[in-house]
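These notes concern the structure reproduced below.
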Amino acid sequence: PQSSSNSVKIHFPRTSRRLPQAIIIGVRKCGTRALLEMLYLHPGIQKAAGEVHFFDRDDNYNKGLDWYRKKMPHSFKGQITIEKSPSYFVTPEVPERIRAMNASVKLLLIVREPVTRAISDYTQLRSHATSSTSSSTSSSYTSSSSASSPSLSSTTGGWTGSSGAPPPRSFEQLAIRPDGSVNSAYRPLALSIYHTFMHRWLEVFPRQQLLVVNGDRLIEDPVSELERVESFLGLEHRIGRHNFYFNRTKGFYCLRNDTQDKCLRESKGRKHPRVDPKVLAKLRRFYVEHNQKFYELVGDDLGWPE
Ligand code: A3P
């Protein structure tokens with residue numbers, strides 16, 4: 001059963017809107033949309049359209065749980081409802097708020113190698129800053145995580161994207177200060193210091209309630225990563241090789257179910273700018289201690305390059 005946010009709604013009998021039993025909490029640009037769409041290939045999953053931003057935005061949160069439930073799709077009893085809002089991960093109030101809704105909710109955190117994530121974030125901010133028509137829709141394969149973008153002026157070093165604005169600064173200029181040190185206050189770099197956000201979640205939820213999904217592996221070999229997620233969610237293994245085909249033009253796997261073949265939209269799988277190898281090496285060194293702290297917190301070594 002599908003729900004649509006407007007006009008006439010037709011639903012299967014014996015379905016209703018339920019609060020999510022699992023939430024993809026982030027991290028932004030790590031494959032949150034891909035993970036949600038891939039999980040939706042499973043007959044036991046229903047997904048919310050778009051990004052709901054209930055727990056991270058006071059104006060939404062103050063509308064109450066019934067408002068939130070109405071944002072959820074219709075589902076059969078026994079199906080798992082999932083929503084994703086990548087900024088949950090970095091918003092301080094969110095863990096407590098989620099626990100207040102359901103202390104046994106399952107949390108999915110998808111991460112990527114931090115430097116790659118930062119470049120992806122930069123690439124998205126830059127594309128939004130340079131295009132005045134970056135608005136997104138909320139249909140499944142075209143919705144984006146743009147709603148979670150912090151304001152551009154505070155994150156991009158002051159690009160405005162308007163005509164007459166200075167040319168966008170390169171990733172290297174934003175990531176490295178003139179004295180050669182890493183500009184860890186630059187938002188795309190700060191958001192990749194995962195442990196600074198992670199510890200709050202583990203103060204509120206037991207470790208077993210959260211699955212760390214490897215976003216780099218989800219790109220390379222979606223089926224094996226999704227098997228881990230199916231197990232975590234208590235689902236039978238139903239998503240298999242038959243659900244994917246590699247699209248050479250896009251350079252990513254696309255999704256296939258009984259009725260259609262679909263790739264994620266163009267804003268997912270953007271071409272990244274080439275980054276100076278010396279800057280890459282400096283950033284990788286910068287993240288070594290932070291990654292170690294993250295591995296210790298989650299009890300899992302993700303093996304990111306040093
Ligand atoms: P890039 O566009 O930088 O490559 P999010 O949905 O959280 O914003 O994450 C976007 C990222 O999802 C993309 O970042 C891309 O690398 C990743 N991704 C993972 N699997 C994908 C797939 N099958 N198709 C397209 N993008 C995918």
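Convention: chains lettered A, B, ... in structure tokens order; per-chain residue numbering from 1; ligands numbered from 1 as shown.
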Could you pull out the residues in region 53-296 of chain A that DSSP calls helix (DSSP H, G or I) from the backbone, as a VMD selection string?
chain A and resid 58 to 61 65 to 70 86 to 90 94 to 101 114 to 130 145 to 148 152 to 155 171 to 175 187 to 190 195 to 204 207 to 209 215 to 220 222 to 233 241 to 243 277 to 296
At most 8 Å from ligand 1 (only C-alpha atoms and all ligand atoms): residue list as JSON, numbers by chain
{"A": [26, 27, 28, 29, 30, 31, 32, 33, 34, 35, 86, 116, 117, 119, 120, 121, 123, 124, 144, 145, 146, 215, 216, 218, 219, 222, 250, 251, 252, 253, 254, 255, 263, 264, 265, 266, 267, 268, 269, 270, 271, 272]}
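What separates CA of Asn214 (chain A) from CA of Val111 (chain A) is a distance of 5.6 Å.
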Determine, counting only C-alpha atoms, which protein, DNA and RNA residues have an atom within 9 Å of an atom of region 236-246 of chain A; residues of the same chain fewer than 5 positions away are not included. Present the result as number ranges by chain.
A: 38-39, 41-44, 222-224, 226-227, 230-231, 251-258, 261
Could the residues in this selection be saved with C-alpha atoms as a short mmCIF file (atom, residue, chain, number, x, y, z; two decimals), in the first residue's frame?
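Here's the written file part_34.cif:
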```cif
data_model
loop_
_atom_site.label_atom_id
_atom_site.label_comp_id
_atom_site.auth_asym_id
_atom_site.auth_seq_id
_atom_site.Cartn_x
_atom_site.Cartn_y
_atom_site.Cartn_z
CA MET A 38 16.91 -0.49 -1.01
CA LEU A 39 15.17 -1.61 2.17
CA LEU A 41 12.53 -3.60 -1.90
CA HIS A 42 11.65 -5.85 1.02
CA PRO A 43 7.95 -6.74 1.31
CA GLY A 44 8.16 -6.31 5.07
CA PRO A 222 24.55 -3.65 -1.57
CA VAL A 223 23.22 -7.18 -1.05
CA SER A 224 25.72 -8.20 1.61
CA LEU A 226 21.48 -5.23 3.29
CA GLU A 227 21.63 -8.78 4.68
CA GLU A 230 17.59 -7.48 7.39
CA SER A 231 18.99 -9.53 10.27
CA GLY A 251 28.51 4.22 -11.95
CA PHE A 252 26.22 2.84 -9.24
CA TYR A 253 23.86 -0.03 -8.71
CA CYS A 254 20.26 0.65 -9.61
CA LEU A 255 17.24 -1.05 -8.10
CA ARG A 256 14.87 -3.59 -9.59
CA ASN A 257 11.64 -5.07 -8.30
CA ASP A 258 8.86 -7.08 -9.95
CA ASP A 261 13.97 -0.73 -12.75
#
```
Run DSSP on the backbone and tell me which residues of region 28-226 of chain A come out as strand (DSSP E); list them as a PyMOL selection string.
chain A and resi 45-47+74-76+80-84+106-111+210-214
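Going from CA of Gly64 (chain A) over to CA of Glu37 (chain A), you cover 26.6 Å.
Note that CA of Ile23 (chain A) and CA of Val212 (chain A) are 12.3 Å apart.
Using only C-alpha atoms, the nearest neighbour of Asn183 (chain A) within the list A:Leu283, A:Met101, A:Leu36, A:Ala49 is A:Leu283.
Minimum distance to Tyr88 (chain A) across A:Arg274, A:His11, A:Arg200, A:Arg284 (counting only C-alpha atoms) occurs at A:Arg200.
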Selection: 9 Å around region 92-94 of chain A, only C-alpha atoms, excl. self and same-chain fewer than 5 positions, as a VMD selection string
chain A and resid 55 to 56 99 197 200 to 201
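Comparing A:Leu65, A:Tyr194, A:Gly78, A:Gln209 by their smallest distance to Leu235 (chain A), the closest is A:Gly78 (using only C-alpha atoms).
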